[in-house]
Structure formats: structure tokens, C-alpha cells
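Just upload-v2.txt here, compact mmCIF, C-alpha atoms and all ligand atoms:
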```txt
# COMPACT_ATOMS: atom_id res chain seq x y z
CA MET S 1 32.77 25.86 -44.66
CA MET S 2 31.53 22.32 -45.23
CA ARG S 3 32.67 21.40 -41.71
CA ILE S 4 30.67 24.24 -40.24
CA ILE S 5 27.54 23.19 -42.16
CA THR S 6 28.05 19.58 -40.99
CA LEU S 7 28.36 20.82 -37.41
CA TYR S 8 25.14 22.81 -37.75
CA ILE S 9 23.39 19.73 -39.14
CA GLN S 10 24.67 17.64 -36.21
CA ILE S 11 23.51 20.21 -33.65
CA PHE S 12 20.12 20.51 -35.38
CA SER S 13 19.73 16.72 -35.46
CA ALA S 14 20.59 16.47 -31.77
CA PHE S 15 18.04 19.20 -31.05
CA ILE S 16 15.33 17.29 -32.96
CA VAL S 17 16.17 14.08 -31.05
CA PHE S 18 16.06 15.99 -27.75
CA CYS S 19 12.70 17.57 -28.62
CA THR S 20 11.27 14.21 -29.66
CA ILE S 21 12.35 12.56 -26.40
CA PHE S 22 11.19 15.49 -24.31
CA SER S 23 7.78 15.73 -25.99
CA GLY S 24 7.45 11.95 -25.64
CA ILE S 25 7.88 12.26 -21.86
CA ALA S 26 5.63 15.29 -21.56
CA SER S 27 2.83 13.87 -23.66
CA ALA S 28 2.47 10.50 -21.89
CA THR S 29 -1.13 11.30 -21.04
CA MET S 30 -2.63 9.66 -17.98
CA ILE S 31 -5.27 7.11 -18.95
CA VAL S 32 -8.36 6.86 -16.76
CA GLU S 33 -11.52 4.77 -16.72
CA ASP S 34 -14.40 5.47 -14.35
CA LEU S 35 -17.12 3.13 -13.09
CA SER S 36 -19.53 4.10 -15.87
CA GLY S 37 -17.50 1.88 -18.22
CA SER S 38 -16.38 -1.72 -17.92
CA THR S 39 -14.31 -1.15 -14.73
CA THR S 40 -16.08 -2.60 -11.68
CA GLU S 41 -15.79 -1.90 -7.96
CA GLU S 42 -14.12 -5.31 -7.58
CA ASP S 43 -11.53 -4.32 -10.21
CA LEU S 44 -10.63 -1.24 -8.15
CA VAL S 45 -10.06 -3.22 -4.97
CA ASN S 46 -8.03 -5.86 -6.83
CA ILE S 47 -5.83 -3.05 -8.20
CA LEU S 48 -5.14 -1.85 -4.65
CA LEU S 49 -4.44 -5.31 -3.25
CA GLY S 50 -1.87 -6.86 -5.57
CA GLU S 51 -0.59 -10.41 -5.10
CA ASN S 52 1.07 -10.44 -1.69
CA SER S 53 -1.35 -8.29 0.24
CA ASN S 54 -2.31 -10.93 2.84
CA VAL S 55 -5.80 -9.41 2.78
CA THR S 56 -9.21 -10.87 1.81
CA VAL S 57 -11.92 -8.38 0.81
CA SER S 58 -15.73 -8.56 0.75
CA ASN S 59 -18.82 -6.35 0.65
CA ILE S 60 -17.45 -3.60 -1.64
CA THR S 61 -19.68 -0.50 -2.03
CA VAL S 62 -19.36 2.86 -3.76
CA THR S 63 -21.29 6.00 -2.78
CA GLY S 64 -21.49 9.05 -5.05
CA SER S 65 -21.24 9.43 -8.81
CA ASN S 66 -19.92 6.46 -10.79
CA GLN S 67 -17.99 9.06 -12.81
CA ALA S 68 -16.04 10.14 -9.71
CA ILE S 69 -14.15 6.88 -9.02
CA GLY S 70 -12.01 4.86 -11.38
CA GLN S 71 -8.58 3.51 -12.26
CA PHE S 72 -5.59 5.21 -13.86
CA SER S 73 -2.40 4.27 -15.69
CA ASN S 74 0.53 6.28 -17.14
CA GLY S 75 0.88 7.92 -13.74
CA GLU S 76 4.71 7.85 -13.60
CA SER S 77 4.92 11.52 -12.63
CA LEU S 78 3.02 10.72 -9.43
CA GLY S 79 5.69 8.25 -8.34
CA PHE S 80 3.49 5.27 -9.18
CA ASP S 81 2.28 4.21 -12.60
CA THR S 82 -1.12 2.70 -11.85
CA GLY S 83 -3.79 2.76 -9.18
CA VAL S 84 -7.22 3.99 -8.14
CA VAL S 85 -8.32 7.62 -8.54
CA MET S 86 -11.20 9.24 -6.66
CA THR S 87 -12.34 12.84 -7.15
CA SER S 88 -14.97 15.37 -6.08
CA GLY S 89 -15.54 15.99 -9.81
CA LEU S 90 -15.14 13.86 -12.91
CA VAL S 91 -12.42 11.20 -13.29
CA SER S 92 -12.47 11.99 -17.01
CA ASP S 93 -11.21 15.53 -16.19
CA VAL S 94 -8.14 14.30 -14.28
CA PRO S 95 -5.84 13.75 -17.33
CA LYS S 96 -6.36 17.32 -18.57
CA SER S 97 -3.48 19.80 -18.49
CA MET S 98 -2.44 21.35 -15.19
CA ASP S 99 -3.60 24.82 -16.22
CA THR S 100 -7.16 23.58 -16.88
CA GLU S 101 -9.38 24.36 -13.90
CA ILE S 102 -11.49 21.29 -13.21
CA ASP S 103 -14.69 22.42 -11.68
CA THR S 104 -17.78 20.18 -11.72
CA ASN S 105 -20.77 20.35 -9.41
CA LEU S 106 -21.89 16.71 -9.41
CA GLY S 107 -24.88 17.54 -7.23
CA GLU S 108 -23.86 14.75 -4.86
CA PRO S 109 -24.14 14.97 -1.07
CA GLY S 110 -21.15 15.19 1.27
CA ASP S 111 -19.97 12.61 3.79
CA ALA S 112 -20.74 12.80 7.51
CA ASP S 113 -17.37 11.31 8.58
CA LEU S 114 -15.52 13.88 6.44
CA ASP S 115 -17.69 16.70 7.84
CA THR S 116 -16.58 15.73 11.34
CA LEU S 117 -12.96 15.26 10.29
CA ILE S 118 -12.62 18.64 8.58
CA GLY S 119 -15.06 20.57 10.77
CA GLY S 120 -16.95 21.80 7.70
CA ASN S 121 -19.74 21.03 5.30
CA THR S 122 -18.67 18.66 2.50
CA ASN S 123 -20.29 18.06 -0.90
CA ASP S 124 -19.74 15.85 -3.95
CA ALA S 125 -18.30 13.04 -1.84
CA ALA S 126 -16.84 9.98 -3.57
CA VAL S 127 -16.66 7.01 -1.22
CA LEU S 128 -15.24 3.50 -1.66
CA GLU S 129 -15.62 1.09 1.23
CA PHE S 130 -15.28 -2.62 1.94
CA ASP S 131 -14.79 -5.21 4.65
CA PHE S 132 -11.45 -7.01 4.86
CA VAL S 133 -9.74 -9.77 6.81
CA PRO S 134 -5.97 -9.21 7.15
CA GLU S 135 -3.59 -12.05 7.95
CA LYS S 136 -1.43 -9.75 10.07
CA SER S 137 -2.31 -7.12 12.62
CA ALA S 138 -1.26 -4.06 10.61
CA ILE S 139 -1.98 -2.59 7.17
CA THR S 140 -0.31 0.04 4.99
CA PHE S 141 -0.66 1.72 1.60
CA ASN S 142 0.52 4.77 -0.37
CA TYR S 143 -1.34 7.70 -1.94
CA ARG S 144 -1.25 11.34 -3.05
CA PHE S 145 -3.94 13.92 -2.34
CA ALA S 146 -4.28 16.51 -5.14
CA SER S 147 -6.48 19.53 -5.70
CA ASP S 148 -7.30 22.45 -7.96
CA ASP S 149 -8.47 24.29 -4.83
CA PHE S 150 -4.98 25.15 -3.48
CA PRO S 151 -5.20 28.75 -4.79
CA TYR S 152 -8.60 29.25 -3.10
CA ASP S 153 -8.22 27.63 0.35
CA TYR S 154 -11.54 25.77 0.18
CA ASP S 155 -10.60 22.93 2.46
CA ASP S 156 -11.39 19.86 0.31
CA ALA S 157 -10.29 16.79 2.25
CA PHE S 158 -9.47 13.09 2.07
CA GLY S 159 -10.26 10.62 4.83
CA LEU S 160 -9.39 6.98 5.21
CA PHE S 161 -11.42 5.43 7.95
CA VAL S 162 -10.36 2.05 9.31
CA ASN S 163 -13.00 0.72 11.68
CA GLY S 164 -14.26 4.31 11.90
CA GLU S 165 -10.92 5.94 12.74
CA ASN S 166 -9.19 8.20 10.20
CA ILE S 167 -5.65 7.03 9.38
CA ALA S 168 -5.01 9.45 6.46
CA LEU S 169 -2.61 11.81 8.23
CA LEU S 170 0.33 13.99 7.28
CA PRO S 171 3.66 13.11 8.93
CA ASN S 172 2.98 15.94 11.43
CA GLY S 173 -0.34 14.32 12.43
CA ASP S 174 -2.63 16.79 10.62
CA VAL S 175 -5.55 15.56 8.52
CA VAL S 176 -5.07 15.48 4.72
CA ALA S 177 -6.71 18.63 3.31
CA VAL S 178 -5.95 21.71 1.19
CA THR S 179 -5.04 24.10 4.02
CA THR S 180 -3.04 21.56 6.07
CA ILE S 181 -0.83 20.77 3.05
CA LYS S 182 -0.48 24.17 1.37
CA GLY S 183 2.75 25.97 2.28
CA THR S 184 4.22 22.98 4.12
CA GLU S 185 7.02 20.58 3.25
CA TYR S 186 4.27 18.10 2.30
CA TYR S 187 3.13 20.24 -0.67
CA ASP S 188 4.26 19.50 -4.24
CA GLY S 189 3.38 22.18 -6.79
CA SER S 190 5.18 20.58 -9.72
CA ASN S 191 3.37 19.47 -12.89
CA LEU S 192 2.53 15.81 -12.27
CA ASN S 193 0.88 15.35 -15.65
CA ASN S 194 -2.70 15.83 -14.44
CA ALA S 195 -5.22 18.64 -14.08
CA PHE S 196 -4.70 19.39 -10.38
CA SER S 197 -2.75 22.55 -9.57
CA GLY S 198 -0.88 20.90 -6.69
CA SER S 199 -0.69 17.81 -4.54
CA SER S 200 0.72 16.32 -1.40
CA ILE S 201 3.95 14.38 -1.49
CA VAL S 202 3.48 10.60 -1.62
CA LEU S 203 1.97 9.72 1.75
CA SER S 204 1.87 6.39 3.53
CA ALA S 205 -1.04 5.34 5.73
CA GLU S 206 -0.64 2.73 8.45
CA ALA S 207 -3.11 1.23 10.91
CA ALA S 208 -3.29 -1.45 13.55
CA VAL S 209 -6.07 -3.91 12.73
CA ALA S 210 -7.42 -7.16 14.11
CA ALA S 211 -5.69 -10.05 12.32
CA ASP S 212 -7.96 -12.83 11.03
CA GLU S 213 -11.04 -10.78 11.88
CA LEU S 214 -13.45 -8.63 9.87
CA ASN S 215 -12.31 -4.99 9.64
CA HIS S 216 -13.86 -2.10 7.69
CA MET S 217 -12.11 0.32 5.32
CA LYS S 218 -13.60 3.52 3.90
CA PHE S 219 -11.89 5.93 1.47
CA ALA S 220 -13.70 9.27 1.14
CA ILE S 221 -12.91 12.50 -0.72
CA ALA S 222 -15.13 15.59 -1.09
CA ASP S 223 -15.36 19.29 -1.80
CA THR S 224 -15.72 21.44 1.31
CA GLY S 225 -17.74 24.66 1.57
CA ASP S 226 -19.18 24.35 -1.95
CA SER S 227 -19.22 21.78 -4.76
CA TRP S 228 -16.81 23.56 -7.07
CA VAL S 229 -13.10 23.32 -7.98
CA ASP S 230 -12.36 19.66 -7.57
CA SER S 231 -9.89 17.58 -5.59
CA GLY S 232 -8.72 14.02 -6.02
CA VAL S 233 -6.69 11.24 -4.50
CA PHE S 234 -4.42 8.78 -6.28
CA ILE S 235 -3.93 5.47 -4.43
CA GLU S 236 -1.01 3.29 -5.53
CA SER S 237 -1.73 -0.13 -7.01
CA ASP S 238 -0.49 -3.17 -5.08
CA SER S 239 0.27 -0.95 -2.09
CA PHE S 240 -2.46 -2.17 0.27
CA ILE S 241 -0.75 -4.88 2.32
CA SER S 242 -1.07 -6.44 5.74
CA ASN S 243 2.21 -6.51 7.64
CA ASN S 244 3.50 -6.21 11.20
CA ALA S 245 6.41 -3.90 11.92
CA PRO S 246 9.50 -5.75 13.18
CA ASN S 247 10.16 -5.94 16.93
CA ALA S 248 13.06 -3.95 18.35
CA PRO S 249 16.27 -5.86 17.54
CA ALA S 250 17.14 -8.58 20.08
CA ASP S 251 20.51 -9.36 21.71
CA PRO S 252 22.38 -6.17 20.77
CA LEU S 253 26.12 -6.77 21.24
CA CYS S 254 29.26 -4.66 20.91
CA GLU S 255 32.44 -6.64 20.17
CA GLY S 256 30.34 -9.73 20.98
CA GLU S 257 29.53 -8.55 24.52
CA THR S 258 26.69 -6.85 26.37
CA ASN S 259 27.70 -3.37 27.55
CA PRO S 260 31.49 -4.08 27.49
CA THR S 261 33.82 -1.76 29.43
CA ASN S 262 37.17 -2.85 28.04
CA ILE S 263 37.02 -2.15 24.31
CA THR S 264 40.44 -1.58 22.71
CA ASP S 265 39.21 -1.56 19.08
CA SER S 266 38.82 2.01 17.79
CA THR S 267 36.11 0.77 15.37
CA PRO S 268 34.18 -1.76 17.45
CA GLU S 269 31.71 -4.06 15.70
CA PHE S 270 28.00 -4.24 16.49
CA SER S 271 25.58 -7.14 16.07
CA TRP S 272 21.94 -7.98 16.86
CA ASN S 273 19.21 -10.44 15.97
CA PHE S 274 16.42 -9.32 13.62
CA SER S 275 13.01 -10.05 15.14
CA ASP S 276 9.60 -9.86 13.44
CA PRO S 277 6.15 -11.10 14.49
CA ASP S 278 5.72 -12.34 10.89
CA ALA S 279 7.61 -15.63 10.84
CA ASN S 280 9.07 -15.44 7.35
CA ASP S 281 10.02 -11.77 7.25
CA THR S 282 13.65 -10.73 6.96
CA GLN S 283 15.70 -7.61 7.61
CA SER S 284 16.01 -5.18 4.69
CA ALA S 285 17.76 -2.27 6.46
CA TYR S 286 19.19 -1.04 9.77
CA GLN S 287 20.17 2.22 11.48
CA ILE S 288 22.69 2.56 14.32
CA ILE S 289 23.21 5.65 16.45
CA VAL S 290 26.08 6.23 18.91
CA GLY S 291 26.27 9.15 21.34
CA THR S 292 27.85 10.43 24.51
CA ALA S 293 24.44 10.39 26.23
CA GLU S 294 21.44 8.08 26.14
CA ASP S 295 19.47 8.50 22.86
CA GLY S 296 22.36 10.57 21.48
CA SER S 297 23.75 10.38 17.96
CA ASP S 298 26.50 12.98 18.32
CA MET S 299 29.24 10.40 17.61
CA TRP S 300 27.63 8.46 14.75
CA ASP S 301 24.37 8.12 12.88
CA SER S 302 24.65 5.43 10.22
CA GLY S 303 21.40 6.58 8.57
CA LYS S 304 19.15 3.94 7.04
CA VAL S 305 21.49 1.34 5.52
CA ASN S 306 19.84 -1.07 3.09
CA SER S 307 21.38 -4.36 4.19
CA SER S 308 20.36 -7.75 5.53
CA SER S 309 23.56 -7.89 7.66
CA SER S 310 23.19 -7.91 11.43
CA THR S 311 26.70 -8.99 12.46
CA ASP S 312 30.13 -7.36 12.34
CA ILE S 313 28.81 -3.89 11.52
CA ALA S 314 31.84 -1.68 12.22
CA TYR S 315 31.56 1.69 13.98
CA GLY S 316 31.94 4.51 11.43
CA GLY S 317 31.73 7.73 13.42
CA SER S 318 34.00 10.29 15.13
CA SER S 319 37.14 9.12 16.97
CA LEU S 320 36.36 7.28 20.21
CA GLU S 321 38.25 8.17 23.38
CA ALA S 322 39.04 6.33 26.59
CA GLY S 323 37.26 7.36 29.76
CA ILE S 324 33.87 8.03 28.15
CA THR S 325 30.84 5.75 28.31
CA TYR S 326 29.26 5.67 24.86
CA HIS S 327 25.59 4.88 24.30
CA TRP S 328 24.30 3.09 21.22
CA LYS S 329 21.20 1.47 19.80
CA VAL S 330 19.94 -0.05 16.58
CA LYS S 331 16.63 -0.36 14.72
CA THR S 332 15.65 -2.35 11.63
CA TRP S 333 13.23 -2.48 8.68
CA ASP S 334 11.59 -5.66 7.40
CA ASN S 335 11.30 -6.82 3.78
CA GLN S 336 8.03 -4.86 3.44
CA ASP S 337 9.87 -1.71 4.61
CA SER S 338 8.13 -1.47 7.98
CA GLU S 339 10.31 0.03 10.72
CA SER S 340 10.99 -1.32 14.22
CA GLY S 341 11.60 0.72 17.33
CA TYR S 342 15.15 1.05 18.66
CA CYS S 343 16.50 -1.58 21.04
CA ASP S 344 17.04 -0.51 24.66
CA ASP S 345 19.96 1.78 25.45
CA GLN S 346 23.32 -0.03 25.19
CA THR S 347 26.76 1.15 26.31
CA PHE S 348 30.44 0.48 25.76
CA ASP S 349 33.64 1.96 27.19
CA ILE S 350 36.95 2.35 25.44
CA THR S 351 39.80 1.40 27.77
CA ASP S 352 43.28 2.96 27.69
CA LYS S 353 45.34 0.81 25.42
CA PRO S 354 47.94 -1.27 27.28
CA ASP S 355 51.41 0.30 27.18
CA PRO S 356 53.56 -1.14 24.43
CA VAL S 357 55.99 -3.71 25.75
CA PRO S 358 59.09 -1.73 26.87
CA PRO S 359 62.16 -2.68 24.78
CA GLN S 360 64.39 -2.97 27.88
CA ILE S 361 62.33 -5.91 29.16
CA GLN S 362 62.92 -7.78 25.92
CA PHE S 363 66.62 -6.99 26.22
CA HIS S 364 66.70 -8.08 29.85
CA THR S 365 64.91 -11.34 29.04
CA ARG S 366 67.30 -12.08 26.23
CA GLY S 367 70.17 -11.30 28.54
CA LEU S 368 68.88 -13.77 31.09
CA PHE S 369 68.44 -16.41 28.38
CA HIS S 370 72.07 -16.09 27.40
CA GLN S 371 73.40 -16.60 30.90
CA CA S 401 -5.83 22.78 -12.86
CA CA S 402 -13.55 22.15 -4.03
CA CA S 403 -17.20 19.08 -7.36
CA CA S 404 6.84 -7.78 9.19
```
Do you think you could lay out the structure here as C-alpha cells?
Ligand SMILES: [Ca+2]
Ligand SMILES: [Ca+2]
Ligand SMILES: [Ca+2]
Ligand SMILES: [Ca+2]
Amino acid sequence: MMRIITLYIQIFSAFIVFCTIFSGIASATMIVEDLSGSTTEEDLVNILLGENSNVTVSNITVTGSNQAIGQFSNGESLGFDTGVVMTSGLVSDVPKSMDTEIDTNLGEPGDADLDTLIGGNTNDAAVLEFDFVPEKSAITFNYRFASDDFPYDYDDAFGLFVNGENIALLPNGDVVAVTTIKGTEYYDGSNLNNAFSGSSIVLSAEAAVAADELNHMKFAIADTGDSWVDSGVFIESDSFISNNAPNAPADPLCEGETNPTNITDSTPEFSWNFSDPDANDTQSAYQIIVGTAEDGSDMWDSGKVNSSSSTDIAYGGSSLEAGITYHWKVKTWDNQDSESGYCDDQTFDITDKPDPVPPQIQFHTRGLFHQ
């Protein structure tokens, strides 16, 4: 009997520990601070830039309510802990529970660029813009669009205008808005520890810019159709960087040769030279595909392999046969995770293996030797 009571106590204790841990995770409330407090516009931009951004910023301006733009922390559920939050309502509403409908008419005007982008009439726009000089000719950063308007289809939208052109796009090329995200693979309806009923997946924006020259960046979010039921965007801290994608890999070789036709190795090795316009960048990953036709991957697709190696990468696909010309190519990622294009189409041929040396010749030779 005592053993059973002890067991019950152990189970109960474990349950308490579990509940404590679980409630600890669930109750890590997001912390926000809008521009009506001590957070400044410069603080927000510094949060986005981080240390190795290779970007210099000037002329920062905010349009809209100073309660609609701010910074956040404790954002782990989003996939990034800290960053900048902008909303068509109140930043102070964002940490509320998911089932709270956040719904503030700020009485602010919309944004003309967003009107054009979404083909509608926007209201309660929150806009952050600045000039910047990047060291390299490309920029990237990461964000999530979120909204309480997903159940209603009011097409609240987010735009990110670099030199006037919107670069906030879904992977399928659509603009970032309620109706373009809802029902797609880019929608995430899970509880991300904030008031919005749903969000996009983490999205990455990229743009070509003029290196060492003045460029202009404008983040804008707004309600569409009316001013009610708010939307927001979370932009990851330290994610705004200037970087060039690597060039296609140079000097692709198979078994140390260009397009060899006499390969006898059933797992031939590939090599290439990593190439990047940014002098000090290095390879962080590669992907090789091998097929029976140009651009094919029916024999082998290595997938993205996180590795700095670019020599002696052994073939790892289906069995190779003689008499077929195989096509292959490789692409790489740099240390800032930007992706190159594939190298030009390469080929190799497996040759019939030479016949094993017939035993009778050895015997004959030995016989001659003994004469
Ligand atoms: Ca909600
Ligand atoms: Ca709305
Ligand atoms: Ca609103
Ligand atoms: Ca680079």
C-alpha cells in the first residue's frame, strides 16, 4: 500500500513539475514599447540593423500614430525573440491573448503606395522610412505579417518599398496581405503568443540596391476597406543586412576533369570553386543534382548540405551505368545564407570497366618466364 501511495506522490509531483514548466512557456508574455515612451525612431532602426549589417542609415521618419510602431521582446514563438513591430492599431494591444479581438480605429489616414499595391483604400497606416547606404549591392531581412482580420477577409496589407518598388512578396510572388496568405502554405494559424488570429510564415525580403549610394526604404502597414480589426508586422532584429549572393560556382570538375567520358568510379567525386562578389565571404552550403537529362535530378539530389567543402564530394545517388551521359550541376550558399545560381550544365560518362586480366595470360607469362 505504501508503495502505491509513493507512486501516486511521484506521479503527482511529476505532473506539478510539468504544469509549472508548461505554464512558464505559455505565460512568457511578449513585451512591447511604442514610440510614446522612451523608445526612439533611431532605436528601432538600430534594432533592425545589428552589428554586421554593412548599412549606414539617415533621415529616419515615422508617419501615423506613435502608438502604432515600437519594439518587442519575448517573441520566441514568432521564430525570433526581438525586433520591431508595426500595426494598424495599438502596439500595446499586440501582447494580448490570441482570442482577444484587437480593433482600434486610430483615425489615421492610409498610405498611397499601399493603396496602389493592394488596389484598395487603406486607413490607419503606420509607416517607418529612412535613407540608407549599403556597402554591397543587395539587402535582405526577415519578418512575419500577422492579422486579426483573417476571419473577415478585409485585405489589410504590408508593403516594403525600396526606392519605390515593393519587395515584400510571398514566395509565389503575391503581395503580403490577408487574402493572399489565407488558405495557402504561407499561412500559420498557430498561437504565436500574441493577439493576432493568424500570421504568415517567416518571410524573407531581398532587393538589389545601389552599393555605396543613397537608397530609400519604406515599411508600411495599414487596414484596408475600414479602420477596424488590426494587422501587424514583426520584423526580426539584426536581420537587415547588405550582402551579395554568391556567383555560380566556378571550375566544376568530376573526378578532377571537365566533362570526362571515361569514368570507372561508381561514386565519382565532384569539386568546384566557391565564388562571391564579397571578397571575404565563404561557402556555408552546397547542393548537387545529377540527372539523365540537362537540369535533371532523377539520379541524385543532395539537397542543401551545410558544409564549407568544395572538393572530393562523392556521388551519393542511384547506381550509375555505362553508356549513359549524366548531367550534373552545383550551387552554393554564402556565410550570410544567400544562394547562388547553378553552374552551367556539366556531364560525365561511365565507361565499361576493363575486363579483368584473364588468368590464362598470367599462367602463360609465368610459363614463358620458366623457359
Ligand atoms: Ca485576436
Ligand atoms: Ca483591418
Ligand atoms: Ca485600425
Ligand atoms: Ca556574399
Expected answer as a compact mmCIF listing (two decimals) with C-alpha atoms, in the coordinates of the input: residues within 12 Å of ligand CA 402 (chain S), all atoms listed in the file:
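The new file out_6.txt reads:
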```txt
# COMPACT_ATOMS: atom_id res chain seq x y z
CA THR S 87 -12.34 12.84 -7.15
CA SER S 88 -14.97 15.37 -6.08
CA GLY S 89 -15.54 15.99 -9.81
CA GLU S 101 -9.38 24.36 -13.90
CA ILE S 102 -11.49 21.29 -13.21
CA ASP S 103 -14.69 22.42 -11.68
CA THR S 104 -17.78 20.18 -11.72
CA ASN S 105 -20.77 20.35 -9.41
CA LEU S 106 -21.89 16.71 -9.41
CA GLY S 110 -21.15 15.19 1.27
CA ASN S 121 -19.74 21.03 5.30
CA THR S 122 -18.67 18.66 2.50
CA ASN S 123 -20.29 18.06 -0.90
CA ASP S 124 -19.74 15.85 -3.95
CA ALA S 125 -18.30 13.04 -1.84
CA ALA S 146 -4.28 16.51 -5.14
CA SER S 147 -6.48 19.53 -5.70
CA ASP S 148 -7.30 22.45 -7.96
CA ASP S 149 -8.47 24.29 -4.83
CA PHE S 150 -4.98 25.15 -3.48
CA PRO S 151 -5.20 28.75 -4.79
CA TYR S 152 -8.60 29.25 -3.10
CA ASP S 153 -8.22 27.63 0.35
CA TYR S 154 -11.54 25.77 0.18
CA ASP S 155 -10.60 22.93 2.46
CA ASP S 156 -11.39 19.86 0.31
CA ALA S 157 -10.29 16.79 2.25
CA PHE S 158 -9.47 13.09 2.07
CA ALA S 177 -6.71 18.63 3.31
CA VAL S 178 -5.95 21.71 1.19
CA THR S 179 -5.04 24.10 4.02
CA PHE S 196 -4.70 19.39 -10.38
CA ILE S 221 -12.91 12.50 -0.72
CA ALA S 222 -15.13 15.59 -1.09
CA ASP S 223 -15.36 19.29 -1.80
CA THR S 224 -15.72 21.44 1.31
CA GLY S 225 -17.74 24.66 1.57
CA ASP S 226 -19.18 24.35 -1.95
CA SER S 227 -19.22 21.78 -4.76
CA TRP S 228 -16.81 23.56 -7.07
CA VAL S 229 -13.10 23.32 -7.98
CA ASP S 230 -12.36 19.66 -7.57
CA SER S 231 -9.89 17.58 -5.59
CA GLY S 232 -8.72 14.02 -6.02
```
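Separating CA of Asp344 (chain S) from CA of Val290 (chain S) is a distance of 12.7 Å.
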In Å, rounded to a single decimal, give me how far CA of Lys329 (chain S) is from CA of Ser271 (chain S).
10.4 Å
Taking only C-alpha atoms and all ligand atoms into account, which residues are within 10 Å of ligand CA 404 (chain S), as a list in words?
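If we count only C-alpha atoms and all ligand atoms, the neighbours of ligand CA 404 (chain S) turn out to be Lys136, Ser137, Ala138, Ser242, Asn243, Asn244, Ala245, Pro246, Asn247, Ser275, Asp276, Pro277, Asp278, Ala279, Asn280, Asp281, Thr282, Gln283, Trp333, Asp334, Asn335, Gln336, Asp337, Ser338, Glu339 and Ser340 of chain S.
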Could I get the residues of region 228-301 of chain S with an atom no further than 10 Å from an atom of region 65-81 of chain S, each paired with its nearest atom pair and that distance in Å to one decimal, using all atoms listed in the file, sorted by chain and residue number, as a tab-separated table?
```
residue	atom	partner	partner_atom	distance
S:Gly232	CA	S:Ala68	CA	9.1
S:Val233	CA	S:Ile69	CA	9.8
S:Phe234	CA	S:Leu78	CA	8.3
S:Ile235	CA	S:Phe80	CA	8.8
S:Glu236	CA	S:Phe80	CA	6.1
S:Ser237	CA	S:Phe80	CA	7.8
S:Ser239	CA	S:Phe80	CA	10.0
```
Would you kindly return, as a PyMOL selection string, each protein, DNA or RNA residue with an atom no farther than 8 Å from any atom of Phe132 (chain S), considering all atoms listed in the file and excluding same-chain residues fewer than 5 positions away?
chain S and resi 55-58+213-217
Would you save the residues from that selection as a PDB file, in the coordinates of the input, using C-alpha atoms?
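part20.pdb, freshly written:
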```pdb
ATOM      1  CA  VAL S  55      -5.800  -9.410   2.780  1.00  0.00           C
ATOM      2  CA  THR S  56      -9.210 -10.870   1.810  1.00  0.00           C
ATOM      3  CA  VAL S  57     -11.920  -8.380   0.810  1.00  0.00           C
ATOM      4  CA  SER S  58     -15.730  -8.560   0.750  1.00  0.00           C
ATOM      5  CA  GLU S 213     -11.040 -10.780  11.880  1.00  0.00           C
ATOM      6  CA  LEU S 214     -13.450  -8.630   9.870  1.00  0.00           C
ATOM      7  CA  ASN S 215     -12.310  -4.990   9.640  1.00  0.00           C
ATOM      8  CA  HIS S 216     -13.860  -2.100   7.690  1.00  0.00           C
ATOM      9  CA  MET S 217     -12.110   0.320   5.320  1.00  0.00           C
TER      10      MET S 217
END
```
In terms of all atoms listed in the file, the residue from S:Thr267, S:Phe348, S:Thr332, S:Ser204 at minimal distance from Ala314 (chain S) is S:Thr267
Point-to-point distance in Å for CA of Leu44 (chain S) and CA of Val91 (chain S)
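Those two atoms sit 13.6 Å apart.
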When you look at Val305 (chain S) with a cut-off of 12 Å (counting all atoms listed in the file), what residues show up, excluding the ones that are within fewer than 3 positions of it in the same chain? I need them as a list of chain:residue names.
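My list of contacting residues is S:Gln283, S:Ser284, S:Ala285, S:Tyr286, S:Gln287, S:Ile288, S:Ile289, S:Asp301, S:Ser302, S:Ser308, S:Ser309, S:Ser310, S:Ile313, S:Val330, S:Lys331, S:Thr332, S:Trp333.
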Could you check which of S:Pro109, S:Gly296, S:Gly120, S:Gly323 is closest to Ile263 (chain S), using only C-alpha atoms?
S:Gly323
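For the choices S:Asp93, S:Asp352, S:Glu165, S:Asp34, the atom-to-atom distance to ligand CA 403 (chain S) is smallest for S:Asp93 when using all atoms listed in the file.
Distance annotation: of S:Glu321, S:Asp99, S:Glu33, S:Asp43, the residue with the minimal separation from ligand CA 401 (chain S) is S:Asp99; atom set is only C-alpha atoms and all ligand atoms.
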Among the residues S:Val162, S:Met98, S:Ala220, S:Leu253, the one that comes closest to ligand CA 401 (chain S) [using only C-alpha atoms and all ligand atoms]
S:Met98
Which of S:Asp345, S:Leu320, S:Thr100, S:Val209 sits closest to ligand CA 401 (chain S) [using all atoms listed in the file]:
S:Thr100
Non-local contacts of Glu255 (chain S) (12 Å; only C-alpha atoms; under 5 positions in same chain excluded) as a ChimeraX atom specification:
/S:260-272,311-315,347-350
Build an axis-aligned box that encloses every atom of region 344-353 of chain S listed in the file, pad it by 4 Å on each side, and report its centre and edge lengths in Å to one decimal, as lines of an AutoDock Vina configuration file.
```
center_x = 31.2
center_y = 1.2
center_z = 26.2
size_x = 36.3
size_y = 11.5
size_z = 11.1
```
In the coordinates of the file, take the point (5.2, 11.8, 0.6) and a cut-off of 10 Å; then, counting only C-alpha atoms, name each qualifying protein, DNA or RNA residue as an MDAnalysis selection string.
chainID S and resid 79 142:145 170:171 185:188 199:204
